[in-house]
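*Asks:* Got a structure for you, final.txt, holding compact mmCIF, C-alpha atoms.
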# COMPACT_ATOMS: atom_id res chain seq x y z
CA ASP A 295 1.84 1.98 15.07
CA SER A 296 -0.10 3.29 12.07
CA GLY A 297 -3.32 3.77 14.01
CA VAL A 298 -5.22 1.42 11.68
CA THR A 299 -6.40 -1.71 13.46
CA GLN A 300 -7.22 -4.95 11.72
CA THR A 301 -8.64 -8.08 13.26
CA PRO A 302 -7.99 -10.92 13.29
CA LYS A 303 -4.28 -11.08 12.49
CA HIS A 304 -4.48 -14.67 11.31
CA LEU A 305 -7.37 -16.74 10.02
CA ILE A 306 -7.40 -20.33 8.88
CA THR A 307 -10.56 -21.67 7.33
CA ALA A 308 -11.76 -24.35 4.96
CA THR A 309 -12.80 -24.03 1.35
CA GLY A 310 -16.40 -23.02 0.88
CA GLN A 311 -16.56 -21.12 4.14
CA ARG A 312 -17.26 -17.44 4.77
CA VAL A 313 -15.13 -15.07 6.84
CA THR A 314 -15.30 -11.45 7.92
CA LEU A 315 -12.28 -9.22 8.26
CA ARG A 316 -12.57 -6.08 10.34
CA CYS A 317 -10.82 -2.73 10.10
CA SER A 318 -10.87 0.34 12.33
CA PRO A 319 -9.40 3.37 10.57
CA ARG A 320 -7.24 6.06 12.13
CA SER A 321 -9.13 8.60 14.15
CA GLY A 322 -10.54 11.23 11.83
CA ASP A 323 -10.02 9.27 8.63
CA LEU A 324 -13.16 8.94 6.55
CA SER A 325 -11.81 6.69 3.80
CA VAL A 326 -11.09 3.01 4.14
CA TYR A 327 -9.40 0.96 1.47
CA TRP A 328 -9.00 -2.79 1.18
CA TYR A 329 -6.07 -4.41 -0.57
CA GLN A 330 -5.15 -8.01 -1.24
CA GLN A 331 -1.55 -9.17 -1.36
CA SER A 332 -0.94 -12.57 -2.91
CA LEU A 333 2.17 -14.20 -4.31
CA ASP A 334 0.88 -14.34 -7.86
CA GLN A 335 -1.04 -11.06 -8.06
CA GLY A 336 1.03 -8.81 -5.83
CA LEU A 337 -0.72 -5.94 -4.06
CA GLN A 338 -4.10 -5.18 -5.55
CA PHE A 339 -6.72 -2.61 -4.67
CA LEU A 340 -10.07 -4.15 -3.90
CA ILE A 341 -12.46 -1.43 -2.81
CA GLN A 342 -12.74 1.99 -1.18
CA TYR A 343 -15.39 3.38 1.14
CA TYR A 344 -15.75 7.01 2.05
CA ASN A 345 -17.93 7.99 4.98
CA GLY A 346 -20.11 4.95 4.59
CA GLU A 347 -20.46 4.94 0.84
CA GLU A 348 -18.65 2.88 -1.76
CA ARG A 349 -16.33 5.22 -3.68
CA ALA A 350 -14.19 3.04 -5.93
CA LYS A 351 -13.96 -0.57 -6.89
CA GLY A 352 -10.96 -2.51 -8.09
CA ASN A 353 -10.37 -6.16 -8.76
CA ILE A 354 -12.84 -7.42 -6.21
CA LEU A 355 -14.51 -10.76 -6.82
CA GLU A 356 -18.28 -11.05 -6.67
CA ARG A 357 -17.85 -13.46 -3.76
CA PHE A 358 -16.32 -10.60 -1.79
CA SER A 359 -18.19 -7.65 -0.37
CA ALA A 360 -17.45 -4.83 2.00
CA GLN A 361 -19.23 -2.17 3.97
CA GLN A 362 -18.41 0.80 6.16
CA PHE A 363 -20.48 1.45 9.23
CA PRO A 364 -21.57 4.76 10.81
CA ASP A 365 -18.68 4.58 13.27
CA LEU A 366 -16.42 4.32 10.18
CA HIS A 367 -15.11 0.85 10.84
CA SER A 368 -15.24 -1.43 7.85
CA GLU A 369 -15.72 -5.11 7.23
CA LEU A 370 -14.63 -7.21 4.28
CA ASN A 371 -16.71 -10.32 3.78
CA LEU A 372 -15.25 -13.20 1.81
CA SER A 373 -17.55 -16.08 0.93
CA SER A 374 -17.36 -19.44 -0.86
CA LEU A 375 -13.66 -19.36 -0.14
CA GLU A 376 -11.23 -21.03 -2.49
CA LEU A 377 -7.61 -22.02 -2.01
CA GLY A 378 -6.59 -19.11 -4.21
CA ASP A 379 -8.12 -16.63 -1.80
CA SER A 380 -5.28 -17.29 0.62
CA ALA A 381 -3.53 -13.95 0.93
CA LEU A 382 -2.67 -11.06 3.17
CA TYR A 383 -5.55 -8.60 3.31
CA PHE A 384 -4.74 -5.03 4.20
CA CYS A 385 -6.92 -2.18 5.24
CA ALA A 386 -5.69 1.37 4.79
CA SER A 387 -7.21 4.67 5.80
CA SER A 388 -6.85 8.29 4.87
CA GLY A 389 -8.93 11.38 4.63
CA GLY A 390 -7.68 13.38 7.51
CA ALA A 391 -5.95 16.66 6.88
CA GLY A 392 -3.58 16.45 3.97
CA GLY A 393 -4.12 13.29 2.03
CA THR A 394 -0.45 12.86 1.27
CA GLU A 395 -0.08 9.81 3.45
CA ALA A 396 -1.86 6.51 3.52
CA PHE A 397 -1.58 4.31 6.55
CA PHE A 398 -1.99 0.58 6.47
CA GLY A 399 -3.05 -1.80 9.16
CA GLN A 400 -0.96 -4.83 10.01
CA GLY A 401 -3.02 -7.03 7.74
CA THR A 402 -5.03 -10.20 8.16
CA ARG A 403 -3.34 -13.32 6.88
CA LEU A 404 -6.00 -15.62 5.51
CA THR A 405 -5.18 -19.24 4.85
CA VAL A 406 -7.78 -21.37 3.10
CA VAL A 407 -7.22 -25.12 3.46
CA ALA B 1049 -3.66 3.05 -17.22
CA GLN B 1050 -1.23 3.84 -14.50
CA LYS B 1051 1.64 1.46 -13.97
CA ILE B 1052 4.57 1.17 -11.59
CA THR B 1053 7.72 -0.70 -12.55
CA GLN B 1054 10.36 -1.87 -10.12
CA THR B 1055 13.02 -3.66 -12.12
CA GLN B 1056 15.23 -4.81 -9.23
CA PRO B 1057 13.83 -7.98 -7.65
CA GLY B 1058 16.64 -7.96 -5.09
CA MET B 1059 19.36 -5.63 -3.89
CA PHE B 1060 22.28 -6.17 -1.55
CA VAL B 1061 24.03 -3.47 0.40
CA GLN B 1062 26.52 -3.38 3.22
CA GLU B 1063 25.68 -1.75 6.48
CA LYS B 1064 26.34 2.03 6.54
CA GLU B 1065 26.35 2.31 2.77
CA ALA B 1066 23.74 4.11 0.70
CA VAL B 1067 21.43 2.25 -1.67
CA THR B 1068 19.07 3.36 -4.43
CA LEU B 1069 15.89 1.44 -5.23
CA ASP B 1070 14.51 2.13 -8.66
CA CYS B 1071 10.93 2.99 -9.54
CA THR B 1072 9.50 4.18 -12.83
CA TYR B 1073 5.89 5.03 -13.42
CA ASP B 1074 3.50 5.61 -16.25
CA THR B 1075 0.50 7.88 -16.11
CA SER B 1076 -1.28 10.33 -18.34
CA ASP B 1077 -2.45 12.39 -15.39
CA GLN B 1078 -0.76 15.70 -14.57
CA SER B 1079 -1.48 15.46 -10.87
CA TYR B 1080 -0.41 12.37 -9.00
CA GLY B 1081 1.41 11.19 -5.92
CA LEU B 1082 4.20 8.71 -5.41
CA PHE B 1083 4.69 6.66 -2.27
CA TRP B 1084 7.27 4.27 -0.92
CA TYR B 1085 6.41 1.59 1.61
CA LYS B 1086 8.55 -0.87 3.54
CA GLN B 1087 7.28 -4.35 4.28
CA PRO B 1088 9.42 -6.28 6.78
CA SER B 1089 9.11 -10.03 7.18
CA SER B 1090 6.42 -9.49 9.81
CA GLY B 1091 4.14 -8.32 6.99
CA GLU B 1092 2.98 -4.83 7.89
CA MET B 1093 3.18 -2.02 5.35
CA ILE B 1094 5.09 0.94 6.71
CA PHE B 1095 4.74 4.30 4.98
CA LEU B 1096 8.15 5.85 4.29
CA ILE B 1097 7.90 8.88 2.05
CA TYR B 1098 5.61 10.76 -0.32
CA GLN B 1099 6.23 12.96 -3.37
CA GLY B 1100 3.55 14.99 -5.11
CA SER B 1101 3.86 15.56 -8.83
CA TYR B 1102 3.93 19.34 -8.36
CA ASP B 1103 6.42 19.30 -5.52
CA GLU B 1104 9.53 21.10 -6.68
CA GLN B 1105 11.80 19.75 -4.00
CA ASN B 1106 12.67 16.10 -3.61
CA ALA B 1107 11.01 14.65 -0.53
CA THR B 1108 13.17 13.63 2.41
CA GLU B 1109 12.32 11.82 5.64
CA GLY B 1110 15.29 11.11 7.85
CA ARG B 1111 17.52 8.60 6.06
CA TYR B 1112 15.04 8.28 3.19
CA SER B 1113 14.99 10.58 0.21
CA LEU B 1114 13.09 10.37 -3.02
CA ASN B 1115 14.95 11.20 -6.21
CA PHE B 1116 12.08 12.52 -8.33
CA GLN B 1117 12.79 13.00 -12.04
CA LYS B 1118 9.49 13.96 -13.59
CA ALA B 1119 10.64 14.04 -17.21
CA ARG B 1120 12.01 10.53 -16.87
CA LYS B 1121 8.97 9.42 -14.83
CA SER B 1122 11.17 7.99 -12.14
CA ALA B 1123 10.88 8.14 -8.37
CA ASN B 1124 13.83 6.32 -6.90
CA LEU B 1125 14.17 5.77 -3.17
CA VAL B 1126 17.56 6.50 -1.65
CA ILE B 1127 18.37 5.04 1.75
CA SER B 1128 21.46 6.54 3.30
CA ALA B 1129 23.60 4.82 5.92
CA SER B 1130 21.83 1.46 5.64
CA GLN B 1131 21.07 -0.43 8.81
CA LEU B 1132 20.43 -4.13 9.38
CA GLY B 1133 16.83 -3.28 10.19
CA ASP B 1134 16.37 -1.91 6.68
CA SER B 1135 16.28 -5.46 5.30
CA ALA B 1136 12.75 -5.77 3.92
CA MET B 1137 10.62 -5.56 0.80
CA TYR B 1138 10.18 -2.07 -0.57
CA PHE B 1139 7.20 -1.07 -2.67
CA CYS B 1140 6.75 1.95 -4.85
CA ALA B 1141 3.16 3.05 -5.39
CA MET B 1142 1.29 5.75 -7.24
CA ARG B 1143 -1.94 7.59 -6.69
CA GLU B 1144 -3.54 9.42 -9.57
CA GLY B 1145 -5.22 12.72 -8.95
CA PRO B 1146 -4.53 15.67 -6.66
CA TRP B 1147 -4.13 15.04 -2.96
CA TYR B 1148 -6.90 17.41 -1.92
CA THR B 1149 -9.54 15.19 -3.47
CA GLY B 1150 -8.68 12.68 -0.83
CA PHE B 1151 -6.55 9.66 -1.15
CA GLN B 1152 -7.43 7.50 -4.08
CA LYS B 1153 -6.49 3.98 -4.82
CA LEU B 1154 -2.82 3.11 -4.99
CA VAL B 1155 -1.20 1.07 -7.72
CA PHE B 1156 1.84 -0.84 -6.49
CA GLY B 1157 4.96 -2.13 -8.13
CA THR B 1158 6.17 -5.67 -7.63
CA GLY B 1159 8.65 -4.66 -4.98
CA THR B 1160 12.39 -4.89 -4.35
CA ARG B 1161 13.81 -7.10 -1.63
CA LEU B 1162 16.66 -5.33 0.12
CA LEU B 1163 19.18 -7.27 2.14
CA VAL B 1164 21.59 -5.35 4.35
CA SER B 1165 24.68 -7.28 5.39
CA PRO B 1166 26.98 -6.52 8.34
What does this structure look like when you write it as structure tokens?
*Replies:*
Amino acid sequence: DSGVTQTPKHLITATGQRVTLRCSPRSGDLSVYWYQQSLDQGLQFLIQYYNGEERAKGNILERFSAQQFPDLHSELNLSSLELGDSALYFCASSGGAGGTEAFFGQGTRLTVV
Amino acid sequence: AQKITQTQPGMFVQEKEAVTLDCTYDTSDQSYGLFWYKQPSSGEMIFLIYQGSYDEQNATEGRYSLNFQKARKSANLVISASQLGDSAMYFCAMREGPWYTGFQKLVFGTGTRLLVSP
């Protein structure tokens, strides 16, 4: 158990819909990262939040947004969903002592039909 | 731009044998970190081992060791005494920048699927 909790584990939704993925980081970790894993693009960094503020942005679509709340949990919002958004979405956290490890949650598998 | 290359799409090994999974990287930064992750069929990403660019010793974690050759920009993962449960996808990843700035985004390779046979 990595200590990073993601909900839900599976999500099936229709095109055009909006979904919210949730992540609770490991205790003490201030940074949360979102990654997308798809068959054609592999594992890609989407966005990082540090202590509530956006720190870095990767290949995140404008239809996607994220935020980190005061209790440090984070949400990734995906809107106007398309078939190509079907992927495994991971949350990772770090920022405790060290910084030489990065722990991933179990992922949310999103299927858009 | 940083890049990770894993040239072996698939590897086969017999149980109890050792196997090396290749990883080469490209970066212009002097300070960086290299990670290996295991992704079993269930999907989760399991952290295996980390090597910092200034670490003089090769990292080891149980049956996992990282063969770090800085001049060649390679960071191969060695799994000793393979077990059936080692069958999974293995990803090499790199973080640019020193660790004390906090973890920064990881760039991943395309992965190597390892199959361990009895």
*Asks:* Between B:Glu1092, B:Ser1135, B:Phe1083, B:Gln1054, which one has atoms that come closest to Asp1070 in chain B, using only C-alpha atoms?
*Replies:*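 Ranking B:Glu1092, B:Ser1135, B:Phe1083, B:Gln1054 by distance to Asp1070 in chain B, first place goes to B:Gln1054.
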*Asks:* Of the candidates B:Ala1049, B:Ala1066, B:Leu1125, B:Ile1094, which shows the shortest atom-to-atom distance to chain A, using only C-alpha atoms?
*Replies:*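 Nearest to chain A: B:Ile1094.
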*Asks:* Do you have the CA of Asp365 in chain A-CA of Lys351 in chain A distance handy?
*Replies:*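 These atoms are spaced 21.3 Å apart.
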*Asks:* Which residues are near Arg316 in chain A? Cut-off 7 Å, only C-alpha atoms, ignore same chain within fewer than 2 positions. Put them as a ChimeraX atom specification.
*Replies:* /A:300-301,314,318,368-370
*Asks:* Got a sec to pull out which chain A residues are within 12 Å of chain B, counting all atoms listed in the file, and send them as a VMD selection string?
*Replies:* chain A and resid 295 to 300 303 to 304 323 to 345 349 to 353 381 to 403
*Asks:* Suppose you want the space between CA of Ser321 in chain A and CA of Leu366 in chain A; what is it in Å?
*Replies:*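 Taking CA of Ser321 in chain A and CA of Leu366 in chain A, their separation equals 9.3 Å.
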*Asks:* If you measure from CA of Val313 in chain A to CA of Pro1088 in chain B, what distance in Å do you get, rounded to one decimal?
*Replies:*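 Computing the Euclidean distance for CA of Val313 in chain A and CA of Pro1088 in chain B yields 26.1 Å.
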*Asks:* Would you list the residues near (-22.3, -15.7, 3.0), meaning any protein, DNA or RNA residue with an atom at most 12 Å from that point in file coordinates, counting all atoms listed in the file, as a list in words?
*Replies:*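 Collected hits near the coordinates: Gly310, Gln311, Arg312, Val313, Thr314, Glu356, Arg357, Phe358, Ser359, Ala360, Leu370, Asn371, Leu372, Ser373, Ser374 and Leu375 of chain A.
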*Asks:* Determine, counting all atoms listed in the file, which protein, DNA and RNA residues have an atom within 10 Å of an atom of Leu1069 in chain B; residues of the same chain fewer than 2 positions away are not included. Present the result as a list in words.
*Replies:*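 In the requested form, the answer reads Gln1054, Thr1055, Gln1056, Pro1057, Gly1058, Met1059, Val1067, Cys1071, Leu1114, Asn1115, Ala1123, Asn1124, Leu1125, Val1126, Ile1127, Tyr1138, Phe1139, Cys1140, Gly1159, Thr1160, Arg1161 and Leu1162 of chain B.
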*Asks:* B:Pro1166, B:Met1137, B:Arg1120, B:Tyr1073: which is nearest Gln1087 in chain B, counting all atoms listed in the file?
*Replies:* B:Met1137
*Asks:* Provide an axis-aligned box for all listed atoms of range 1076-1083 of chain B, padding each side by 5 Å; report its centre and its edge lengths in Å to one decimal, as AutoDock Vina command-line options.
*Replies:*
--center_x 1.1 --center_y 11.2 --center_z -10.3 --size_x 17.1 --size_y 19.0 --size_z 26.1
*Asks:* Which of these, A:Ile354, A:Gln362, A:Pro302, A:His367, has the shortest distance to Arg320 in chain A once you count all atoms listed in the file?
*Replies:*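 Answer, going by the shortest atom-to-atom distance: A:His367.
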*Asks:* Using only C-alpha atoms for the distances, tell me which of B:Ser1122, B:Ser1165, B:Gln1105, B:Gln1117 is nearest to Lys1051 in chain B.
*Replies:*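 Comparing B:Ser1122, B:Ser1165, B:Gln1105, B:Gln1117 against Lys1051 in chain B, the winner is B:Ser1122.
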